[in-house]
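J.: The structure is given below, and queries will be raised subsequently.
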Amino acid sequence: MTRYSIFSLARNAFSHHENWPKAWRSPEPKPAYDAIVIGGGGHGLSTAYYLAKNHGMTNVAVLEKGWLGGGNTGRNTTIVRSNYMHDANALFYELAMKLWEGMSQDLNYNVMFSSRGVLNLAHSDSELERFARRGNAMRLNGIDAEMMTRQQVLEMVPLLDGSARNRFPIYGGMIQRRGGTARHDAVAWGYARAADARGVDIIQNCEVTGIKTEGGKVTGVETTRGTIMAPKIGIAVAGHTSQLCEMVGIRTPIESHVLQAMVSEPIKPILDTVITSGAVHMYISQSDKGELVMGGDLDGYNSFAQRGNPPIIEHVVAAVLTMFPAFSRLRLMRTWGGIMDMSMDGSPIIAKSPVEGFYINGGWCYGGFKATPGSGWVFAHTIANDAPHKLNQAFTLERFFSGHAIDATGAGPVPGAH
Ligand SMILES: Cc1cc2nc3c(=O)[nH]c(=O)nc-3n(C[C@H](O)[C@H](O)[C@H](O)COP(=O)(O)OP(=O)(O)OC[C@H]3O[C@@H](n4cnc5c(N)ncnc54)[C@H](O)[C@@H]3O)c2cc1C
């Protein structure tokens, strides 16, 4: 693998950048592998990378029905944080946060991780108290959290409407300064390149249409490019989790919903942190290209379509303008949607399944991008050892039957409230 550096950049400048080697191969599928990962998003690719790097499993294929990162990985609003209250989520997302911090160096690929801080706005005293409770829980788990007064918030983000006119007045906030954003498709490409360099076959335009089992064990997959055998199969297919699980007869407590996002036209830098408001339900940041990146709530009905409806766009824009009236002068440039795998407690499933050799990674709801490196790390461990890593021990499928839900929001099993 060519090492990307200032020297390789300079060397390639002499040939007008026409001779860069391909970042990864496009091999024909082999008849059999030691393990197959279905889904070429960030989670599938990071799983393959850590299978090779941490567990020496290199006879591995990643099967992707479209193109790498064409699912939610390339459609999200790129917010990365580990500001969770419950231990299971907090410790797991903090592993991911630590991996984000060293990812560009580890992969030798600039994923543009930017610790610009994630600031949650509070609009009432009770919200401030809830933030203080969550912040204290985070600090007990060694995760950074800082409460901010109203004045500190308005000094840091002067474009926020701090006037008495604001229907959702700003009472203060909580910030995780190590949180921020990363370039989403670079994450998929970086993991793909690093996994390929370790021998993993990455096969695009290869849809899995069936999963073969024999005597309660998986044996391989049927695909649009033929049958491929493997004793271990992991799925990381986000909004398609329920469909892939049905192929081996497993019903999952997951609903697929569309979530939209949008960007404004690009402008000069005006917002240097990520702002979220749970009360109006919006989140906003400015990309390195200058666009304001915005998102909000689910469309609110089950769907496998990667597009949504105008009312949600209107809702998100209205919420953003409530907080930032000055942005009303901007034009929206693009909107799009992705399929969310909403679990019933807002926490993921990263686990073995009742079918031997079949492993599930899904249920990411709104928040799986930030989990990408941690998810791959623990899922690879689970597949390689046929046993969970200690950080995904709680994320079982069985918790929904036994009542050990990990309620990520305090709102109960209400997908719409996540
Ligand atoms: C609008 C939006 C905003 C978001 N904002 C954030 C955010 O700010 N922060 C955050 O942390 N998270 C966010 N998320 C969530 C996050 O994007 C996802 O949870 C995460 O990217 C999931 O990654 P993945 O690799 O599991 O899934 P994906 O990237 O969706 O990859 C799954 C892949 O599986 C493939 N696949 C499906 N079925 C098959 C099949 N039968 N055969 C072969 N391949 C198949 C798909 O084509 C797809 O490429 C957002 C999501 C959306 C849609």
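The way I read the labels, and the way they are meant: chains A, B, ... in the order of the structure tokens, residue 1 as the first residue of every chain, and ligand 1 as the first ligand shown, with later ones counted on from there.
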Counting only C-alpha atoms and all ligand atoms, what residues are within 6 Å of ligand 1, given as a PyMOL selection string?
T.: chain A and resi 38-44+63-66+68-73+75-80+206-209+236-238+240+259-261+337-339+364-370
J.: Restricting it to C-alpha atoms, dump the selection as a CSV table (one decimal), in the first residue's frame.
T.:
```csv
chain,number,residue,atom,x,y,z
A,38,ILE,CA,-22.4,-8.1,4.8
A,39,GLY,CA,-22.6,-4.3,4.3
A,40,GLY,CA,-19.9,-2.0,3.0
A,41,GLY,CA,-20.7,0.9,5.3
A,42,GLY,CA,-18.4,2.2,8.0
A,43,HIS,CA,-19.4,-0.6,10.4
A,44,GLY,CA,-18.9,-3.5,8.0
A,63,LEU,CA,-20.1,-7.8,0.4
A,64,GLU,CA,-21.9,-4.5,-0.5
A,65,LYS,CA,-24.9,-4.4,-2.7
A,66,GLY,CA,-24.2,-0.9,-4.0
A,68,LEU,CA,-19.0,1.7,-0.4
A,69,GLY,CA,-20.5,4.2,2.0
A,70,GLY,CA,-23.6,4.6,-0.1
A,71,GLY,CA,-25.9,3.8,2.9
A,72,ASN,CA,-26.1,5.8,6.1
A,73,THR,CA,-22.4,6.2,6.3
A,75,ARG,CA,-25.7,10.3,4.4
A,76,ASN,CA,-25.3,11.3,8.1
A,77,THR,CA,-24.7,14.7,9.7
A,78,THR,CA,-21.2,13.4,10.9
A,79,ILE,CA,-21.6,14.2,14.6
A,80,VAL,CA,-19.3,12.3,16.8
A,206,CYS,CA,-22.9,-7.8,-4.7
A,207,GLU,CA,-26.3,-8.1,-3.0
A,208,VAL,CA,-26.9,-10.9,-0.6
A,209,THR,CA,-30.2,-12.4,-1.5
A,236,ALA,CA,-23.8,-4.6,9.4
A,237,VAL,CA,-26.6,-3.4,7.1
A,238,ALA,CA,-28.2,-0.7,9.2
A,240,HIS,CA,-31.9,-3.6,6.3
A,259,LEU,CA,-34.2,10.2,8.6
A,260,GLN,CA,-33.5,13.3,6.5
A,261,ALA,CA,-30.7,15.8,6.5
A,337,GLY,CA,-32.6,10.6,3.5
A,338,GLY,CA,-31.2,7.4,5.0
A,339,ILE,CA,-32.9,4.3,6.5
A,364,TRP,CA,-28.0,2.1,15.5
A,365,CYS,CA,-31.0,4.5,15.4
A,366,TYR,CA,-29.8,8.1,14.8
A,367,GLY,CA,-26.4,7.6,16.2
A,368,GLY,CA,-24.3,4.9,14.6
A,369,PHE,CA,-21.8,7.1,12.7
A,370,LYS,CA,-20.0,8.1,15.9
```
J.: Report as an MDAnalysis selection string: the residues of range 183-277 of chain A with a DSSP assignment of strand (DSSP E), based on the backbone of this structure.
T.: chainID A and resid 201:203 208:214 217:223 226:229 233:235 254:264 274:277
J.: Would you mind exporting the chosen residues as a short mmCIF file (atom, residue, chain, number, x, y, z; two decimals), in the first residue's frame, restricted to N, CA, C and O atoms?
T.:
```cif
data_model
loop_
_atom_site.label_atom_id
_atom_site.label_comp_id
_atom_site.auth_asym_id
_atom_site.auth_seq_id
_atom_site.Cartn_x
_atom_site.Cartn_y
_atom_site.Cartn_z
N ASP A 201 -11.05 -8.95 0.93
CA ASP A 201 -11.67 -8.70 -0.38
C ASP A 201 -12.90 -7.83 -0.20
O ASP A 201 -13.84 -8.21 0.51
N ILE A 202 -12.91 -6.68 -0.85
CA ILE A 202 -14.07 -5.80 -0.77
C ILE A 202 -14.81 -5.88 -2.09
O ILE A 202 -14.26 -5.55 -3.14
N ILE A 203 -16.04 -6.38 -2.03
CA ILE A 203 -16.77 -6.69 -3.27
C ILE A 203 -18.03 -5.84 -3.33
O ILE A 203 -18.97 -6.03 -2.55
N VAL A 208 -26.58 -9.57 -1.19
CA VAL A 208 -26.91 -10.86 -0.57
C VAL A 208 -28.41 -11.06 -0.66
O VAL A 208 -29.18 -10.22 -0.19
N THR A 209 -28.80 -12.16 -1.30
CA THR A 209 -30.23 -12.40 -1.50
C THR A 209 -30.75 -13.55 -0.64
O THR A 209 -31.95 -13.76 -0.53
N GLY A 210 -29.84 -14.30 -0.04
CA GLY A 210 -30.26 -15.40 0.83
C GLY A 210 -29.08 -15.85 1.69
O GLY A 210 -27.92 -15.61 1.34
N ILE A 211 -29.40 -16.47 2.82
CA ILE A 211 -28.33 -16.98 3.69
C ILE A 211 -28.56 -18.48 3.86
O ILE A 211 -29.67 -18.92 4.18
N LYS A 212 -27.50 -19.25 3.61
CA LYS A 212 -27.63 -20.71 3.65
C LYS A 212 -27.34 -21.20 5.07
O LYS A 212 -26.36 -20.75 5.69
N THR A 213 -28.16 -22.12 5.55
CA THR A 213 -27.91 -22.72 6.86
C THR A 213 -28.04 -24.24 6.75
O THR A 213 -28.71 -24.76 5.85
N GLU A 214 -27.40 -24.92 7.69
CA GLU A 214 -27.51 -26.38 7.74
C GLU A 214 -27.39 -26.81 9.19
O GLU A 214 -26.40 -26.41 9.86
N LYS A 217 -26.68 -23.98 11.63
CA LYS A 217 -25.44 -23.20 11.46
C LYS A 217 -25.45 -22.53 10.09
O LYS A 217 -25.97 -23.11 9.14
N VAL A 218 -24.82 -21.37 9.99
CA VAL A 218 -24.71 -20.76 8.66
C VAL A 218 -23.61 -21.47 7.88
O VAL A 218 -22.61 -21.94 8.47
N THR A 219 -23.79 -21.53 6.57
CA THR A 219 -22.76 -22.14 5.74
C THR A 219 -22.31 -21.22 4.60
O THR A 219 -21.25 -21.42 4.02
N GLY A 220 -23.14 -20.22 4.27
CA GLY A 220 -22.76 -19.33 3.17
C GLY A 220 -23.89 -18.41 2.79
O GLY A 220 -24.92 -18.35 3.47
N VAL A 221 -23.66 -17.67 1.71
CA VAL A 221 -24.67 -16.71 1.26
C VAL A 221 -24.93 -16.89 -0.24
O VAL A 221 -24.05 -17.30 -0.99
N GLU A 222 -26.18 -16.59 -0.62
CA GLU A 222 -26.52 -16.47 -2.04
C GLU A 222 -26.42 -15.00 -2.38
O GLU A 222 -26.95 -14.16 -1.63
N THR A 223 -25.76 -14.70 -3.49
CA THR A 223 -25.63 -13.30 -3.87
C THR A 223 -25.93 -13.13 -5.36
O THR A 223 -26.02 -14.12 -6.09
N GLY A 226 -23.37 -14.95 -7.29
CA GLY A 226 -23.18 -16.38 -7.03
C GLY A 226 -23.14 -16.72 -5.55
O GLY A 226 -23.25 -15.85 -4.68
N THR A 227 -22.94 -18.04 -5.30
CA THR A 227 -22.92 -18.53 -3.92
C THR A 227 -21.51 -18.37 -3.35
O THR A 227 -20.53 -18.66 -4.03
N ILE A 228 -21.43 -17.91 -2.12
CA ILE A 228 -20.13 -17.78 -1.45
C ILE A 228 -20.26 -18.45 -0.09
O ILE A 228 -21.19 -18.15 0.67
N MET A 229 -19.35 -19.35 0.21
CA MET A 229 -19.46 -20.11 1.46
C MET A 229 -18.62 -19.46 2.57
O MET A 229 -17.57 -18.89 2.31
N ILE A 233 -20.77 -15.40 9.47
CA ILE A 233 -21.35 -14.31 8.69
C ILE A 233 -21.82 -13.22 9.65
O ILE A 233 -22.61 -13.47 10.56
N GLY A 234 -21.28 -12.03 9.44
CA GLY A 234 -21.71 -10.90 10.27
C GLY A 234 -22.47 -9.92 9.41
O GLY A 234 -22.06 -9.66 8.27
N ILE A 235 -23.58 -9.37 9.94
CA ILE A 235 -24.29 -8.36 9.15
C ILE A 235 -24.09 -6.98 9.78
O ILE A 235 -24.11 -6.83 11.00
N ILE A 254 -36.65 -4.23 15.71
CA ILE A 254 -36.12 -3.06 15.00
C ILE A 254 -37.14 -2.60 13.96
O ILE A 254 -37.74 -3.42 13.27
N GLU A 255 -37.34 -1.29 13.88
CA GLU A 255 -38.18 -0.72 12.82
C GLU A 255 -37.31 0.12 11.91
O GLU A 255 -36.40 0.81 12.38
N SER A 256 -37.59 0.09 10.61
CA SER A 256 -36.84 0.92 9.67
C SER A 256 -37.62 2.21 9.40
O SER A 256 -38.80 2.17 9.05
N HIS A 257 -36.95 3.32 9.62
CA HIS A 257 -37.55 4.65 9.44
C HIS A 257 -36.63 5.50 8.58
O HIS A 257 -35.41 5.33 8.63
N VAL A 258 -37.22 6.47 7.87
CA VAL A 258 -36.35 7.38 7.12
C VAL A 258 -35.99 8.58 8.00
O VAL A 258 -36.81 9.08 8.76
N LEU A 259 -34.71 8.96 7.93
CA LEU A 259 -34.24 10.19 8.59
C LEU A 259 -33.62 11.07 7.52
O LEU A 259 -32.81 10.60 6.72
N GLN A 260 -34.02 12.32 7.51
CA GLN A 260 -33.51 13.25 6.49
C GLN A 260 -32.44 14.18 7.06
O GLN A 260 -32.36 14.38 8.27
N ALA A 261 -31.65 14.72 6.18
CA ALA A 261 -30.70 15.77 6.54
C ALA A 261 -30.62 16.73 5.37
O ALA A 261 -31.16 16.45 4.28
N MET A 262 -29.97 17.85 5.59
CA MET A 262 -29.93 18.87 4.51
C MET A 262 -28.77 19.81 4.73
O MET A 262 -28.25 19.91 5.84
N VAL A 263 -28.36 20.47 3.64
CA VAL A 263 -27.30 21.48 3.76
C VAL A 263 -27.73 22.77 3.08
O VAL A 263 -28.46 22.76 2.09
N SER A 264 -27.21 23.86 3.63
CA SER A 264 -27.42 25.18 3.01
C SER A 264 -26.37 25.38 1.93
O SER A 264 -25.44 24.59 1.78
N VAL A 274 -20.62 22.18 17.14
CA VAL A 274 -21.88 21.51 16.79
C VAL A 274 -22.92 21.92 17.83
O VAL A 274 -22.64 21.85 19.03
N ILE A 275 -24.08 22.35 17.37
CA ILE A 275 -25.14 22.77 18.30
C ILE A 275 -26.31 21.81 18.16
O ILE A 275 -26.74 21.52 17.04
N THR A 276 -26.84 21.34 19.29
CA THR A 276 -28.04 20.52 19.24
C THR A 276 -29.08 21.08 20.21
O THR A 276 -28.71 21.64 21.24
N SER A 277 -30.33 20.91 19.84
CA SER A 277 -31.40 21.27 20.76
C SER A 277 -32.41 20.14 20.74
O SER A 277 -33.05 19.89 19.71
#
```
J.: For Leu391 in chain A, work out the shell of residues within 8 Å, counting only C-alpha atoms and skipping chain neighbours fewer than 5 positions away, then give it as a list in words.
T.: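 Close residues of Leu391 in chain A: Ala88, Leu91, Phe92 and Val378 of chain A.
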J.: Using only C-alpha atoms, which residues sit within 12 Å of Pro21 in chain A once same-chain residues fewer than 5 positions away are excluded, as a list in words?
T.: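 With the cut-off at 12 Å, the set is Met1, Thr2, Arg3, Tyr4, Ser8, Asn12 and Arg193 of chain A.
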J.: Considering only C-alpha atoms, state which residue in the set A:Gly142, A:Gly180, A:Gly357, A:Pro31 is at the smallest distance from Met85 in chain A.
T.: A:Gly142
J.: Using DSSP secondary structure from the backbone, list all alpha helix (DSSP H) positions within range 16-85 of chain A, as number ranges by chain.
T.: A: 42-55
J.: Suppose we keep N, CA, C and O atoms; can you now write the selection as a compact mmCIF listing (two decimals), in the first residue's frame?
T.:
```
# COMPACT_ATOMS: atom_id res chain seq x y z
N GLY A 42 -19.48 2.02 7.03
CA GLY A 42 -18.38 2.17 7.99
C GLY A 42 -18.28 1.00 8.94
O GLY A 42 -17.17 0.52 9.26
N HIS A 43 -19.43 0.49 9.40
CA HIS A 43 -19.39 -0.58 10.40
C HIS A 43 -18.85 -1.89 9.81
O HIS A 43 -18.04 -2.57 10.44
N GLY A 44 -19.32 -2.23 8.60
CA GLY A 44 -18.86 -3.46 7.97
C GLY A 44 -17.37 -3.38 7.65
O GLY A 44 -16.61 -4.33 7.89
N LEU A 45 -16.95 -2.22 7.13
CA LEU A 45 -15.55 -2.07 6.73
C LEU A 45 -14.63 -2.02 7.94
O LEU A 45 -13.54 -2.61 7.93
N SER A 46 -15.06 -1.35 9.00
CA SER A 46 -14.20 -1.31 10.20
C SER A 46 -14.14 -2.70 10.84
O SER A 46 -13.10 -3.11 11.34
N THR A 47 -15.23 -3.44 10.76
CA THR A 47 -15.21 -4.81 11.30
C THR A 47 -14.18 -5.64 10.55
O THR A 47 -13.36 -6.36 11.16
N ALA A 48 -14.19 -5.53 9.21
CA ALA A 48 -13.24 -6.31 8.41
C ALA A 48 -11.80 -5.89 8.74
O ALA A 48 -10.90 -6.73 8.87
N TYR A 49 -11.60 -4.59 8.90
CA TYR A 49 -10.25 -4.09 9.20
C TYR A 49 -9.76 -4.65 10.54
O TYR A 49 -8.64 -5.14 10.65
N TYR A 50 -10.61 -4.59 11.58
CA TYR A 50 -10.16 -5.08 12.89
C TYR A 50 -10.10 -6.61 12.95
O TYR A 50 -9.33 -7.16 13.73
N LEU A 51 -10.91 -7.29 12.10
CA LEU A 51 -10.75 -8.76 12.02
C LEU A 51 -9.34 -9.07 11.57
O LEU A 51 -8.66 -9.96 12.11
N ALA A 52 -8.88 -8.32 10.56
CA ALA A 52 -7.54 -8.57 10.03
C ALA A 52 -6.46 -8.06 10.99
O ALA A 52 -5.51 -8.77 11.30
N LYS A 53 -6.65 -6.85 11.48
CA LYS A 53 -5.58 -6.23 12.27
C LYS A 53 -5.48 -6.83 13.68
O LYS A 53 -4.40 -7.15 14.16
N ASN A 54 -6.62 -6.96 14.36
CA ASN A 54 -6.57 -7.38 15.77
C ASN A 54 -6.62 -8.89 15.93
O ASN A 54 -6.22 -9.41 16.97
N HIS A 55 -7.18 -9.61 14.93
CA HIS A 55 -7.40 -11.04 15.13
C HIS A 55 -6.75 -11.90 14.06
O HIS A 55 -6.97 -13.13 14.03
```
